[in-house]
Structures are given as structure tokens and as C-alpha cells.
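Novice: What follows is structure_12.cif, made up of mmCIF, C-alpha atoms:
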```
data_data
loop_
_atom_site.label_atom_id
_atom_site.label_comp_id
_atom_site.auth_asym_id
_atom_site.auth_seq_id
_atom_site.Cartn_x
_atom_site.Cartn_y
_atom_site.Cartn_z
CA MET A 15 0.00 0.00 0.00
CA ASN A 16 2.14 2.83 -1.23
CA GLN A 17 1.40 6.21 0.29
CA SER A 18 1.90 8.37 -2.78
CA ALA A 19 2.10 8.15 -6.52
CA SER A 20 5.48 6.99 -7.83
CA LEU A 21 7.68 8.73 -10.30
CA ASN A 22 8.13 6.92 -13.60
CA GLU A 23 11.85 6.42 -13.12
CA THR A 24 14.18 3.44 -13.02
CA GLU A 25 16.41 4.59 -10.13
CA PHE A 26 15.71 6.30 -6.82
CA TRP A 27 18.22 8.17 -4.67
CA GLU A 28 17.97 9.10 -1.03
CA ALA A 29 21.02 10.28 0.91
CA ASP A 30 20.16 8.53 4.16
CA PRO A 31 17.58 5.82 4.85
CA ILE A 32 14.71 6.66 7.17
CA TYR A 33 14.13 4.21 10.01
CA PHE A 34 11.02 3.81 12.09
CA PRO A 35 11.53 4.86 15.73
CA LEU A 36 12.06 1.96 18.12
CA SER A 37 8.80 2.70 19.93
CA CYS A 38 6.94 2.62 16.61
CA ARG A 39 8.53 -0.71 15.70
CA ILE A 40 7.56 -2.28 19.01
CA VAL A 41 3.98 -0.99 18.98
CA GLY A 42 3.51 -1.80 15.29
CA THR A 43 4.88 -5.32 15.64
CA ILE A 44 2.74 -6.16 18.67
CA VAL A 45 -0.51 -4.52 17.52
CA GLN A 46 -0.37 -5.66 13.91
CA GLY A 47 0.91 -9.09 14.93
CA ILE A 48 -2.14 -9.57 17.17
CA ILE A 49 -4.48 -8.25 14.47
CA PHE A 50 -2.99 -10.64 11.91
CA THR A 51 -3.16 -13.70 14.16
CA VAL A 52 -6.69 -13.09 15.46
CA GLY A 53 -7.97 -11.96 12.06
CA PHE A 54 -6.53 -14.82 10.04
CA ILE A 55 -7.68 -17.52 12.47
CA GLY A 56 -11.09 -15.90 12.87
CA ASN A 57 -11.76 -15.58 9.15
CA VAL A 58 -10.62 -19.14 8.48
CA LEU A 59 -13.03 -20.29 11.20
CA VAL A 60 -15.89 -18.36 9.58
CA VAL A 61 -15.31 -20.26 6.33
CA PHE A 62 -14.97 -23.57 8.18
CA VAL A 63 -18.04 -23.04 10.38
CA VAL A 64 -20.35 -22.13 7.50
CA ALA A 65 -18.98 -24.90 5.28
CA ARG A 66 -19.44 -27.67 7.87
CA SER A 67 -22.88 -26.67 9.18
CA ARG A 68 -25.73 -26.99 6.73
CA SER A 69 -27.94 -24.86 8.99
CA MET A 70 -25.56 -21.96 8.31
CA TRP A 71 -26.04 -22.11 4.55
CA SER A 72 -27.91 -18.91 3.74
CA PRO A 73 -27.51 -16.13 1.15
CA THR A 74 -26.19 -13.71 3.80
CA ASN A 75 -23.61 -16.21 5.01
CA CYS A 76 -22.46 -16.82 1.42
CA TYR A 77 -21.46 -13.18 1.30
CA LEU A 78 -19.89 -13.33 4.75
CA VAL A 79 -17.75 -16.31 3.70
CA SER A 80 -16.66 -14.42 0.59
CA LEU A 81 -15.84 -11.41 2.79
CA ALA A 82 -13.81 -13.66 5.12
CA VAL A 83 -11.77 -14.98 2.17
CA ALA A 84 -11.14 -11.43 0.93
CA ASP A 85 -10.07 -10.33 4.42
CA CYS A 86 -7.66 -13.27 4.69
CA ILE A 87 -6.06 -12.25 1.39
CA VAL A 88 -5.58 -8.68 2.63
CA LEU A 89 -4.07 -9.81 5.92
CA VAL A 90 -1.65 -12.31 4.36
CA ALA A 91 -0.58 -9.98 1.54
CA ALA A 92 -0.10 -6.87 3.68
CA VAL A 93 0.59 -7.43 7.37
CA PRO A 94 3.75 -9.64 7.41
CA GLN A 95 5.49 -7.34 4.92
CA GLU A 96 4.38 -4.27 6.88
CA ILE A 97 5.89 -5.63 10.10
CA VAL A 98 9.13 -6.61 8.35
CA SER A 99 9.39 -3.11 6.82
CA TYR A 100 9.74 -1.59 10.31
CA TYR A 101 13.19 -3.19 10.55
CA LEU A 102 14.49 -2.44 7.04
CA PRO A 103 16.29 0.70 5.87
CA GLY A 104 14.02 3.17 4.10
CA SER A 105 11.86 1.61 1.40
CA GLU A 106 13.86 -1.61 0.97
CA TRP A 107 11.93 -4.54 -0.52
CA ILE A 108 13.27 -8.04 0.19
CA TRP A 109 10.64 -10.28 -1.43
CA GLY A 110 11.84 -10.08 -5.05
CA ASP A 111 10.09 -9.04 -8.27
CA THR A 112 7.40 -11.73 -8.09
CA GLY A 113 6.68 -10.94 -4.45
CA CYS A 114 6.28 -7.26 -5.32
CA VAL A 115 3.79 -7.93 -8.11
CA LEU A 116 1.76 -10.48 -6.14
CA SER A 117 1.70 -8.37 -2.99
CA VAL A 118 0.20 -5.32 -4.72
CA PHE A 119 -2.20 -7.44 -6.80
CA CYS A 120 -3.45 -9.49 -3.83
CA GLN A 121 -3.92 -6.44 -1.62
CA THR A 122 -5.90 -4.69 -4.33
CA LEU A 123 -7.92 -7.83 -5.05
CA GLY A 124 -8.79 -8.48 -1.41
CA ILE A 125 -9.68 -4.85 -0.69
CA ASN A 126 -11.91 -4.50 -3.74
CA ALA A 127 -13.61 -7.87 -3.25
CA SER A 128 -14.36 -7.10 0.40
CA SER A 129 -15.92 -3.77 -0.55
CA LEU A 130 -18.14 -5.44 -3.14
CA CYS A 131 -19.17 -8.14 -0.64
CA VAL A 132 -20.26 -5.47 1.85
CA ALA A 133 -22.39 -3.87 -0.86
CA ALA A 134 -23.78 -7.26 -1.95
CA PHE A 135 -24.99 -8.41 1.47
CA THR A 136 -26.52 -4.97 2.09
CA VAL A 137 -28.56 -5.26 -1.11
CA GLU A 138 -29.52 -8.84 -0.20
CA ARG A 139 -30.83 -7.80 3.22
CA TYR A 140 -32.71 -4.86 1.71
CA ILE A 141 -34.50 -7.15 -0.75
CA GLY A 142 -35.10 -9.81 1.91
CA ILE A 143 -36.76 -7.38 4.32
CA CYS A 144 -38.27 -4.63 2.17
CA LYS A 145 -39.19 -6.65 -0.95
CA PRO A 146 -40.41 -10.00 0.44
CA PHE A 147 -42.11 -11.18 -2.76
CA LEU A 148 -39.00 -10.42 -4.83
CA ALA A 149 -36.87 -12.09 -2.15
CA GLN A 150 -38.44 -15.49 -2.91
CA THR A 151 -36.56 -15.59 -6.21
CA MET A 152 -33.68 -13.17 -5.56
CA CYS A 153 -32.51 -14.17 -2.08
CA THR A 154 -31.51 -17.80 -2.64
CA ASN A 155 -28.27 -19.64 -2.03
CA ARG A 156 -27.84 -20.38 -5.73
CA ARG A 157 -28.22 -16.73 -6.69
CA ALA A 158 -25.91 -15.64 -3.87
CA LEU A 159 -23.21 -18.01 -5.13
CA LYS A 160 -23.60 -16.62 -8.65
CA ILE A 161 -23.27 -13.06 -7.35
CA VAL A 162 -20.20 -13.97 -5.28
CA PHE A 163 -18.65 -15.57 -8.37
CA CYS A 164 -19.31 -12.40 -10.39
CA VAL A 165 -17.88 -10.25 -7.58
CA TRP A 166 -14.60 -12.15 -7.66
CA ILE A 167 -14.39 -12.21 -11.45
CA PHE A 168 -14.87 -8.43 -11.54
CA ALA A 169 -12.37 -7.90 -8.70
CA VAL A 170 -9.75 -10.06 -10.44
CA LEU A 171 -10.22 -8.31 -13.78
CA TYR A 172 -10.16 -4.85 -12.21
CA SER A 173 -7.04 -5.63 -10.14
CA SER A 174 -5.15 -7.48 -12.89
CA PRO A 175 -3.46 -4.37 -14.39
CA TRP A 176 -1.30 -4.23 -11.27
CA LEU A 177 0.31 -7.47 -12.41
CA PHE A 178 1.90 -5.39 -15.17
CA LEU A 179 2.09 -1.95 -13.52
CA THR A 180 4.18 -2.96 -10.51
CA ALA A 181 7.91 -3.69 -10.37
CA THR A 182 11.03 -3.36 -8.24
CA PHE A 183 13.41 -0.46 -8.80
CA PRO A 184 16.98 0.19 -7.63
CA ILE A 185 17.30 2.51 -4.67
CA PHE A 186 20.55 3.84 -3.22
CA TYR A 187 21.31 4.80 0.37
CA ARG A 188 24.56 6.20 1.71
CA GLY A 189 26.63 3.41 3.22
CA TYR A 190 24.49 0.63 1.72
CA PRO A 191 24.87 -1.51 -1.39
CA PRO A 192 22.18 -0.99 -4.08
CA LEU A 193 18.80 -2.08 -2.72
CA LYS A 194 15.39 -2.71 -4.28
CA MET A 195 12.06 -1.01 -3.67
CA CYS A 196 8.57 -2.07 -4.77
CA ASP A 197 6.62 0.63 -6.59
CA HIS A 198 4.32 1.42 -9.53
CA LYS A 199 5.31 2.01 -13.15
CA LEU A 200 3.03 5.03 -13.32
CA SER A 201 3.36 8.78 -13.43
CA ARG A 202 1.74 10.73 -10.62
CA GLU A 203 -1.18 11.76 -12.86
CA GLU A 204 -1.79 8.18 -14.03
CA TYR A 205 -1.69 6.84 -10.49
CA LEU A 206 -4.07 9.50 -9.22
CA GLY A 207 -6.56 8.65 -11.96
CA TYR A 208 -6.48 4.99 -10.94
CA TYR A 209 -6.65 5.81 -7.24
CA PHE A 210 -9.64 8.15 -7.48
CA THR A 211 -11.47 5.54 -9.57
CA ASP A 212 -10.80 3.09 -6.73
CA LEU A 213 -12.03 5.63 -4.20
CA VAL A 214 -15.34 6.12 -6.00
CA LEU A 215 -16.03 2.49 -6.98
CA PHE A 216 -14.90 0.71 -3.83
CA TYR A 217 -15.47 3.25 -1.05
CA LEU A 218 -17.82 6.13 -1.83
CA ILE A 219 -20.44 4.21 -3.85
CA PRO A 220 -20.63 1.26 -1.37
CA LEU A 221 -20.77 3.74 1.52
CA LEU A 222 -23.62 5.78 0.03
CA LEU A 223 -25.43 2.59 -0.99
CA CYS A 224 -25.21 1.22 2.55
CA VAL A 225 -26.46 4.46 4.10
CA PHE A 226 -29.42 4.60 1.72
CA LEU A 227 -30.40 0.93 1.98
CA TYR A 228 -29.99 0.58 5.74
CA SER A 229 -32.12 3.71 6.20
CA ASN A 230 -34.83 2.04 4.13
CA ILE A 231 -34.43 -1.24 6.02
CA VAL A 232 -34.96 0.53 9.34
CA LEU A 233 -38.13 2.15 8.00
CA CYS A 234 -39.37 -1.21 6.71
CA LEU A 235 -38.80 -2.88 10.09
CA ILE A 236 -40.55 -0.04 11.93
CA ASN A 237 -43.54 -0.07 9.60
CA GLN A 238 -43.71 -3.85 9.14
CA PRO A 239 -47.33 -4.84 9.89
CA PHE A 240 -48.34 -7.91 11.84
CA THR A 241 -50.48 -10.21 9.72
CA SER A 242 -52.47 -13.23 10.81
CA SER A 243 -55.17 -15.46 9.50
CA PRO A 244 -58.76 -14.18 10.05
CA ASN A 245 -59.77 -17.59 11.52
CA ASN A 246 -57.18 -17.46 14.30
CA THR A 247 -58.41 -17.98 17.86
CA ALA A 248 -57.08 -15.77 20.63
CA VAL A 249 -54.47 -18.39 21.47
CA SER A 250 -53.36 -18.90 17.88
CA VAL A 251 -53.20 -15.14 17.39
CA GLY A 252 -50.97 -14.92 20.42
CA ASN A 253 -48.72 -17.69 19.11
CA ALA A 254 -48.57 -16.14 15.66
CA GLU A 255 -47.77 -12.76 17.15
CA HIS A 256 -45.00 -14.32 19.23
CA GLN A 257 -43.53 -16.02 16.14
CA SER A 258 -43.80 -12.80 14.16
CA ASN A 259 -42.04 -10.85 16.91
CA TYR A 260 -39.32 -13.51 17.04
CA ARG A 261 -38.75 -13.32 13.28
CA THR A 262 -38.67 -9.53 13.40
CA SER A 263 -36.22 -9.59 16.33
CA SER A 264 -34.00 -12.09 14.50
CA ARG A 265 -34.04 -10.00 11.34
CA THR A 266 -33.29 -6.86 13.32
CA GLN A 267 -30.30 -8.53 14.99
CA VAL A 268 -28.88 -9.62 11.63
CA VAL A 269 -29.39 -6.13 10.20
CA LYS A 270 -27.66 -4.58 13.23
CA MET A 271 -24.69 -6.89 12.78
CA LEU A 272 -24.36 -6.21 9.06
CA ALA A 273 -24.85 -2.48 9.56
CA ILE A 274 -22.02 -2.45 12.11
CA VAL A 275 -19.79 -4.38 9.68
CA SER A 276 -20.58 -1.79 6.99
CA GLY A 277 -20.10 1.11 9.39
CA LEU A 278 -16.72 -0.16 10.57
CA PHE A 279 -15.69 -0.62 6.94
CA ALA A 280 -16.38 3.08 6.34
CA ILE A 281 -14.80 4.31 9.59
CA LEU A 282 -11.66 2.15 9.60
CA TRP A 283 -10.83 2.95 5.97
CA LEU A 284 -11.36 6.70 6.39
CA PRO A 285 -7.95 7.64 7.94
CA TYR A 286 -5.93 5.99 5.16
CA ARG A 287 -8.23 7.08 2.33
CA GLY A 288 -8.19 10.59 3.74
CA LEU A 289 -4.39 10.59 3.90
CA LEU A 290 -4.09 9.59 0.25
CA VAL A 291 -6.59 12.23 -0.85
CA TYR A 292 -4.77 14.90 1.17
CA ASN A 293 -1.35 13.93 -0.19
CA SER A 294 -2.76 13.94 -3.72
CA VAL A 295 -3.67 17.64 -3.53
CA ALA A 296 -1.32 19.07 -0.89
CA LYS A 297 1.89 20.88 -1.83
CA GLU A 298 3.76 19.04 0.93
CA THR A 299 2.87 15.43 1.67
CA PHE A 300 1.97 14.41 5.21
CA MET A 301 3.97 11.32 6.20
CA ASN A 302 3.93 11.16 10.00
CA VAL A 303 5.04 7.60 10.81
CA TRP A 304 2.65 7.21 13.74
CA TYR A 305 -0.34 8.36 11.73
CA LEU A 306 0.70 6.11 8.86
CA MET A 307 1.09 3.09 11.12
CA THR A 308 -2.24 3.81 12.84
CA SER A 309 -4.16 4.28 9.58
CA LYS A 310 -2.78 1.04 8.17
CA SER A 311 -3.55 -0.77 11.42
CA CYS A 312 -7.15 0.41 11.04
CA ILE A 313 -7.30 -1.24 7.60
CA TYR A 314 -5.94 -4.49 8.99
CA LEU A 315 -8.37 -4.29 11.91
CA ASN A 316 -11.23 -3.95 9.41
CA SER A 317 -10.11 -7.26 7.90
CA ALA A 318 -9.83 -8.93 11.32
CA ILE A 319 -12.76 -7.72 13.40
CA ASN A 320 -15.73 -9.25 11.57
CA PRO A 321 -15.50 -12.77 13.11
CA ILE A 322 -15.49 -11.14 16.56
CA LEU A 323 -18.64 -9.21 15.66
CA TYR A 324 -20.36 -12.37 14.40
CA ASN A 325 -19.68 -14.09 17.72
CA ALA A 326 -20.72 -11.08 19.77
CA MET A 327 -24.00 -10.43 17.94
CA SER A 328 -25.16 -13.79 16.58
CA ALA A 329 -26.11 -16.63 18.94
CA LYS A 330 -26.14 -19.02 15.98
CA PHE A 331 -22.57 -18.11 15.01
CA ARG A 332 -21.45 -18.46 18.64
CA LYS A 333 -22.99 -21.91 18.86
CA GLU A 334 -21.38 -23.08 15.62
CA PHE A 335 -18.00 -21.54 16.52
CA LYS A 336 -18.03 -23.45 19.81
CA ARG A 337 -18.95 -26.66 18.01
CA ALA A 338 -16.09 -26.11 15.56
CA LEU A 339 -13.55 -25.35 18.29
CA PHE A 340 -14.64 -27.85 20.94
CA ARG A 341 -16.24 -30.58 18.88
CA GLN A 342 -16.39 -33.82 20.79
CA THR A 343 -15.13 -36.85 18.94
#
```
Can you present the structure in this file as C-alpha cells?

Specialist:
Amino acid sequence: MNQSASLNETEFWEADPIYFPLSCRIVGTIVQGIIFTVGFIGNVLVVFVVARSRSMWSPTNCYLVSLAVADCIVLVAAVPQEIVSYYLPGSEWIWGDTGCVLSVFCQTLGINASSLCVAAFTVERYIGICKPFLAQTMCTNRRALKIVFCVWIFAVLYSSPWLFLTATFPIFYRGYPPLKMCDHKLSREEYLGYYFTDLVLFYLIPLLLCVFLYSNIVLCLINQPFTSSPNNTAVSVGNAEHQSNYRTSSRTQVVKMLAIVSGLFAILWLPYRGLLVYNSVAKETFMNVWYLMTSKSCIYLNSAINPILYNAMSAKFRKEFKRALFRQT
């Protein structure tokens, strides 16, 4: 995740390498190490839990599994290299040309796919709650799998240019042999065009879509009438009302969980997105190492926190997680 657009040059010169302060290295290593470990294990468990339990097979969970896979890709492609970079001089890259290309591609792929998954499950919940007749044909497992497939095809195609627009370049520091850095083969103007397209497609549009649809979902839940058969007795009416209230409560809980996932996506991405926008227009770039480390940690936290939310807000997920972790043989 480069912080600014690269110059279209083949060599880079800096008199002295810049090192992260020791305190920054320690904090970054511990915090991001915990985020990586918890996030990777948690997302793998989400995939495992849904895959092994047929009762968990639902359109919403199809999107959550896809989101978990995307988050794993982001964590694996970004966090280990980020931690290693705290102990290297300047912008040194040690993972070779192939590692450079794959790292940028996988980060872009995972980030874009996760954004599309957030948008997809928001639309699915909107249809399921506000358009119940349409939901009978639209909100099915088969259709959800088709949409997930299309999401990943689009994300791969959109991210694939980075396989050809990323490379390593020589960089020279005083007192060091020639080193390599990983950067883009783009001018500043070209990079900014690509970045602002990313910003609109994978941040602003999903964010506005979520705000609009969740507002409508809340209105639908508030105004949702209770319906019962005209032949119901007082007892059956009471039972039906209880079942209706239970379904509404269950739906509301799912919507709350997904809304929080969407809200955290917007909030945790804002510091880094804001930094890139500011540096794109400012005369002097802002590169405070603590802010940079914190903003990147927020991105990694966004990829790690969802399994914790599922356990905190969904009794069904908690039950299946416990079965997966403590299954008796």
C-alpha cells in the first residue's frame, strides 16, 4: 500500500535511509501481529463453520464467507510485509520481483472484493426485508453463489493491471549496497486517476449505498405490519404474534450486525483514504510515521474484526463456533 504516486523512473536516490523509531517498531509489531493472528484464524473459522454446518447455509452467510476470504487475502498480503518493513532501511523490498507484483495485486484484489461483498450483502438484506415477494426468487443460495462468483471475477479483472504496472526499482542509500524497492510504473497523474477511480467504486459508492439501503431497512422494520389469519383464535393469534415478533427480532439482529460491519468498513478505511486524498492535492505530503502506522492498522483491523462481531452479535454463530472449536469426537 504505497502512500503516494510513484515517479516513472528506473532509479531512486535518497542520501540517508529513514528508520522507524524503536517505539513505533515495538507498537507496530505487537498490535499488527495480534491483528494478523486473530484476524486470520477468525476468518478461516468463519469459512470452516459455515462450510461444515448446513444450517448456516444462507444467502447472507455466502457473502460473509466471501468477505472472510477477501479479508484473509488482505491480511496475508499486507501485514507480514508491513511488520518486516519496520526493521528495514528506508523503502527496501526483500521479497523479489514476483513478491512485489503479487503483494500489490493481492492487496488490491482483497480490498476491492471485500468492498463489493459489503455492498452485496446490504442489497440482499434490503431485498429480503423490504421486498419479500421479490426475495423469494432473488434471495436464494444459488443466486448468492452466482453473485459472489461475479464479484470475484470483476475484482480479479479490475485488479489485474497491477500485475503489469508494478515492479522493483533500484534505490541507493549512503553506506548501503544498491537495494530494491517495490513501486508502480506510473506517473503521478496516471496513479491519481487509478486511485480516485478506486475511491469512487470501492469506497464512496458502497458507503452511500449502505447508508441509503440501511435507512430504508430501518423504515421497513418499523412499519412492518403484523399479519395473521382471520380464523385465528385468541391463542393462535398470540402464538402467531409471538412467532412474528421472534422473526422480526432475528431479522433486526442480523441487520444490526451487518450495519455495524458496513459502518466499521467506512470508519476504519477513512484515515488511510483521507491521507491519500490529502497527499494527492497538498503541496507538501503528510507522512507522519505514527499516523501512517495507525491508519494502516485500522485497515488491517477492518479485515480482522468481523469474526469477533459475528460471535458477539449472533447466537447461531457463537454456537457453531463453539462446536467447531470444541467438537467432541

Novice: Between atom CA of Ala280 of chain A and atom CA of Thr211 of chain A, what is the distance in Å, rounded to a tenth?

Specialist: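 Those two atoms sit 16.8 Å apart.
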
Novice: Select, from A:Phe183, A:Tyr140, A:Tyr228, A:Phe168, the residue with the minimum atom-to-atom distance to Met152 of chain A, counting all atoms listed in the file.

Specialist: A:Tyr140

Novice: With all atoms listed in the file as the atoms that count, which of A:Leu306, A:Val52, A:Ile274, A:Val63 lies nearest to Leu339 of chain A?

Specialist: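 Of all the options, A:Val63 lies closest to Leu339 of chain A.
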
Novice: Do you know which residues the PyMOL selection byres ((chain A and resi 49-51) around 7) returns on this file, as a list in words?

Specialist: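 So the PyMOL selection byres ((chain A and resi 49-51) around 7), applied here, picks out Val45, Gln46, Gly47, Ile48, Val52, Gly53, Phe54, Ile55, Leu89, Val93, Tyr314, Leu315 and Ala318 of chain A.
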
Novice: Grab the atom CA of Gln121 of chain A to atom CA of Val41 of chain A distance for me, in Å with one decimal place.

Specialist: 22.7 Å
